[in-house]
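Enquirer: Mind looking over this structure? Questions follow.
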Amino acid sequence: MARQKYTFTVISYVPDYIRNEQINIGVIIFDSNNDIINYSLLPEYTNKLSSLFKYSTDSKNLFKETIKFTDFLLNRLMKSSSLPLDVNISNTSVTIDGLPENIFLSPLTYGASENPNRVLEALVETYVGTEFYHRRNRVIASANEIVKSYFKNHNFINKNLLPNPTFKPNISAPFKYKADYAYLDKKMGFSIINLMPSTDEGLERFYQKNAALSARFEKYGDMVFLYDSDTLITEKKQIITDLSSTNKKIRSFDVTNASRDFDDFKKFSNTNIRASDSIEVGNYIAKNMYA
């Protein structure tokens, strides 16, 4: 098979113009006529930029919309040469009309191969990272499975713990909150347990909900967060640290079976939770928590 000449450019995304940080998000391959042979672009749900977005919904939404539009534009250009859009190539410089302003294209690199599509796979691995194409928000929240199994097997649910309680921390709260479990601690009083999700979007919602609650909840008992360390551990610890700055009664346990925390979690369950009565928890909420 004859070798085909090709050029390629690396697609970068700039989330912040002041910092001017460029993150590689894709690759485009052109043939000798400057037509697009193929391209690869990170999916909108990629976790590659999650540490930059932190808890900014606007930044995350902008990235998703940018990816969607860029993918649409490149797909149309690859399938049709009749679009009123220009691909301008001069030596090593390439521009594509209509690309979002926060998308940048690297100088062209020239090559030749019998199979440019195979080359694309290698370029993606080198410049972008194939691991960032995996859909992390399909990961099962293993903390949820571990905790539910543990509580069920040790007869905590509906005996010591009240599942899915709804309450208001004060009468002026704009809406009711829902926890995963509630219990009455003999020393600390009314306390709640929440399981941290293992997806980017789930963690964002978790943070927003608990940030609004933590300052209002300090006059009550503990806010307990249970998490697994298998996914998004940095983000989970950042959330716990941030929420702990507004509420000193926040406790957290890594419930991954192999973790050092798991023994502490079992000890906590058999002392603090075991002394609780789920019926008393329900009565307390009905009387004191504006349910």
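If you're wondering about the labels, chains in the structure tokens are A, B, ... by order shown, residues count from 1 in each chain, ligands from 1 in order shown.
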Can you pull out every residue within 10 Å of A:Ala212, counting only C-alpha atoms, but drop anything in the same chain fewer than 5 positions away, and send it as a PDB file with C-alpha atoms, in the first residue's frame?

Expert:
```
ATOM      1  CA  ALA A 173     -34.476  27.772  55.537  1.00  0.00           C
ATOM      2  CA  TYR A 177     -32.785  19.077  52.973  1.00  0.00           C
ATOM      3  CA  TYR A 207     -20.855  20.231  47.340  1.00  0.00           C
ATOM      4  CA  PHE A 217     -26.306  22.739  60.884  1.00  0.00           C
ATOM      5  CA  LEU A 243     -16.897  22.333  54.293  1.00  0.00           C
TER       6      LEU A 243
END
```

Enquirer: As a PyMOL selection string, please: the residues near A:Ala179 (cut-off 10 Å, only C-alpha atoms, same-chain neighbours under 6 positions excluded).

Expert: chain A and resi 162-167+191-195+210+223

Enquirer: Next, the residues of the selection above should be written as an mmCIF file, in the first residue's frame with N, CA, C and O atoms.

Expert:
```cif
data_model
loop_
_atom_site.group_PDB
_atom_site.id
_atom_site.type_symbol
_atom_site.label_atom_id
_atom_site.label_comp_id
_atom_site.auth_asym_id
_atom_site.auth_seq_id
_atom_site.Cartn_x
_atom_site.Cartn_y
_atom_site.Cartn_z
ATOM 1 N N LEU A 162 -32.333 6.227 60.515
ATOM 2 C CA LEU A 162 -33.525 6.561 59.729
ATOM 3 C C LEU A 162 -33.070 6.901 58.313
ATOM 4 O O LEU A 162 -32.360 7.896 58.104
ATOM 5 N N PRO A 163 -33.432 6.098 57.307
ATOM 6 C CA PRO A 163 -32.995 6.375 55.928
ATOM 7 C C PRO A 163 -33.757 7.547 55.315
ATOM 8 O O PRO A 163 -34.934 7.768 55.604
ATOM 9 N N ASN A 164 -33.076 8.295 54.478
ATOM 10 C CA ASN A 164 -33.651 9.361 53.650
ATOM 11 C C ASN A 164 -34.498 10.360 54.431
ATOM 12 O O ASN A 164 -35.632 10.678 54.032
ATOM 13 N N PRO A 165 -33.997 10.898 55.535
ATOM 14 C CA PRO A 165 -34.784 11.893 56.274
ATOM 15 C C PRO A 165 -34.801 13.242 55.553
ATOM 16 O O PRO A 165 -33.837 13.627 54.894
ATOM 17 N N THR A 166 -35.913 13.952 55.652
ATOM 18 C CA THR A 166 -36.004 15.325 55.148
ATOM 19 C C THR A 166 -36.263 16.244 56.327
ATOM 20 O O THR A 166 -37.017 15.905 57.246
ATOM 21 N N PHE A 167 -35.656 17.420 56.306
ATOM 22 C CA PHE A 167 -35.738 18.320 57.453
ATOM 23 C C PHE A 167 -35.304 19.724 57.048
ATOM 24 O O PHE A 167 -34.723 19.938 55.979
ATOM 25 N N SER A 191 -27.846 14.011 64.213
ATOM 26 C CA SER A 191 -26.717 13.959 63.277
ATOM 27 C C SER A 191 -27.151 13.300 61.969
ATOM 28 O O SER A 191 -28.127 12.537 61.947
ATOM 29 N N ILE A 192 -26.424 13.606 60.913
ATOM 30 C CA ILE A 192 -26.777 13.060 59.598
ATOM 31 C C ILE A 192 -25.560 12.427 58.938
ATOM 32 O O ILE A 192 -24.406 12.762 59.247
ATOM 33 N N ILE A 193 -25.835 11.510 58.022
ATOM 34 C CA ILE A 193 -24.803 10.842 57.226
ATOM 35 C C ILE A 193 -25.123 11.037 55.757
ATOM 36 O O ILE A 193 -26.257 10.818 55.331
ATOM 37 N N ASN A 194 -24.122 11.437 54.979
ATOM 38 C CA ASN A 194 -24.276 11.555 53.536
ATOM 39 C C ASN A 194 -23.162 10.804 52.832
ATOM 40 O O ASN A 194 -21.995 10.859 53.246
ATOM 41 N N LEU A 195 -23.516 10.082 51.767
ATOM 42 C CA LEU A 195 -22.556 9.329 50.979
ATOM 43 C C LEU A 195 -22.091 10.189 49.808
ATOM 44 O O LEU A 195 -22.906 10.713 49.051
ATOM 45 N N ASN A 210 -24.408 20.641 50.368
ATOM 46 C CA ASN A 210 -23.856 20.591 51.712
ATOM 47 C C ASN A 210 -23.182 21.894 52.125
ATOM 48 O O ASN A 210 -23.088 22.185 53.322
ATOM 49 N N MET A 223 -22.122 16.149 61.029
ATOM 50 C CA MET A 223 -22.372 15.874 59.619
ATOM 51 C C MET A 223 -21.294 14.876 59.199
ATOM 52 O O MET A 223 -20.106 15.205 59.195
#
```

Enquirer: Excluding A:Asn270 and its own-chain neighbours fewer than 6 positions away, which residues fall within 10 Å of it when counting only C-alpha atoms? Please give them as a PDB file with N, CA, C and O atoms, in the first residue's frame.

Expert:
```
ATOM      1  N   HIS A 154     -25.472  -5.506  59.276  1.00  0.00           N
ATOM      2  CA  HIS A 154     -25.292  -5.359  60.718  1.00  0.00           C
ATOM      3  C   HIS A 154     -26.529  -4.756  61.392  1.00  0.00           C
ATOM      4  O   HIS A 154     -26.453  -4.281  62.524  1.00  0.00           O
ATOM      5  N   PHE A 156     -28.423  -2.043  61.083  1.00  0.00           N
ATOM      6  CA  PHE A 156     -28.497  -0.644  61.509  1.00  0.00           C
ATOM      7  C   PHE A 156     -29.740   0.055  60.955  1.00  0.00           C
ATOM      8  O   PHE A 156     -30.327   0.905  61.614  1.00  0.00           O
ATOM      9  N   ASP A 264     -11.990   2.504  61.667  1.00  0.00           N
ATOM     10  CA  ASP A 264     -12.535   3.621  62.443  1.00  0.00           C
ATOM     11  C   ASP A 264     -14.031   3.783  62.171  1.00  0.00           C
ATOM     12  O   ASP A 264     -14.808   4.097  63.080  1.00  0.00           O
TER      13      ASP A 264
END
```

Enquirer: Got a sec: who's within 8 Å of A:Asp222, counting only C-alpha atoms, leaving out chain neighbours fewer than 5 positions off, as a PyMOL selection string?

Expert: chain A and resi 188-192+249-251
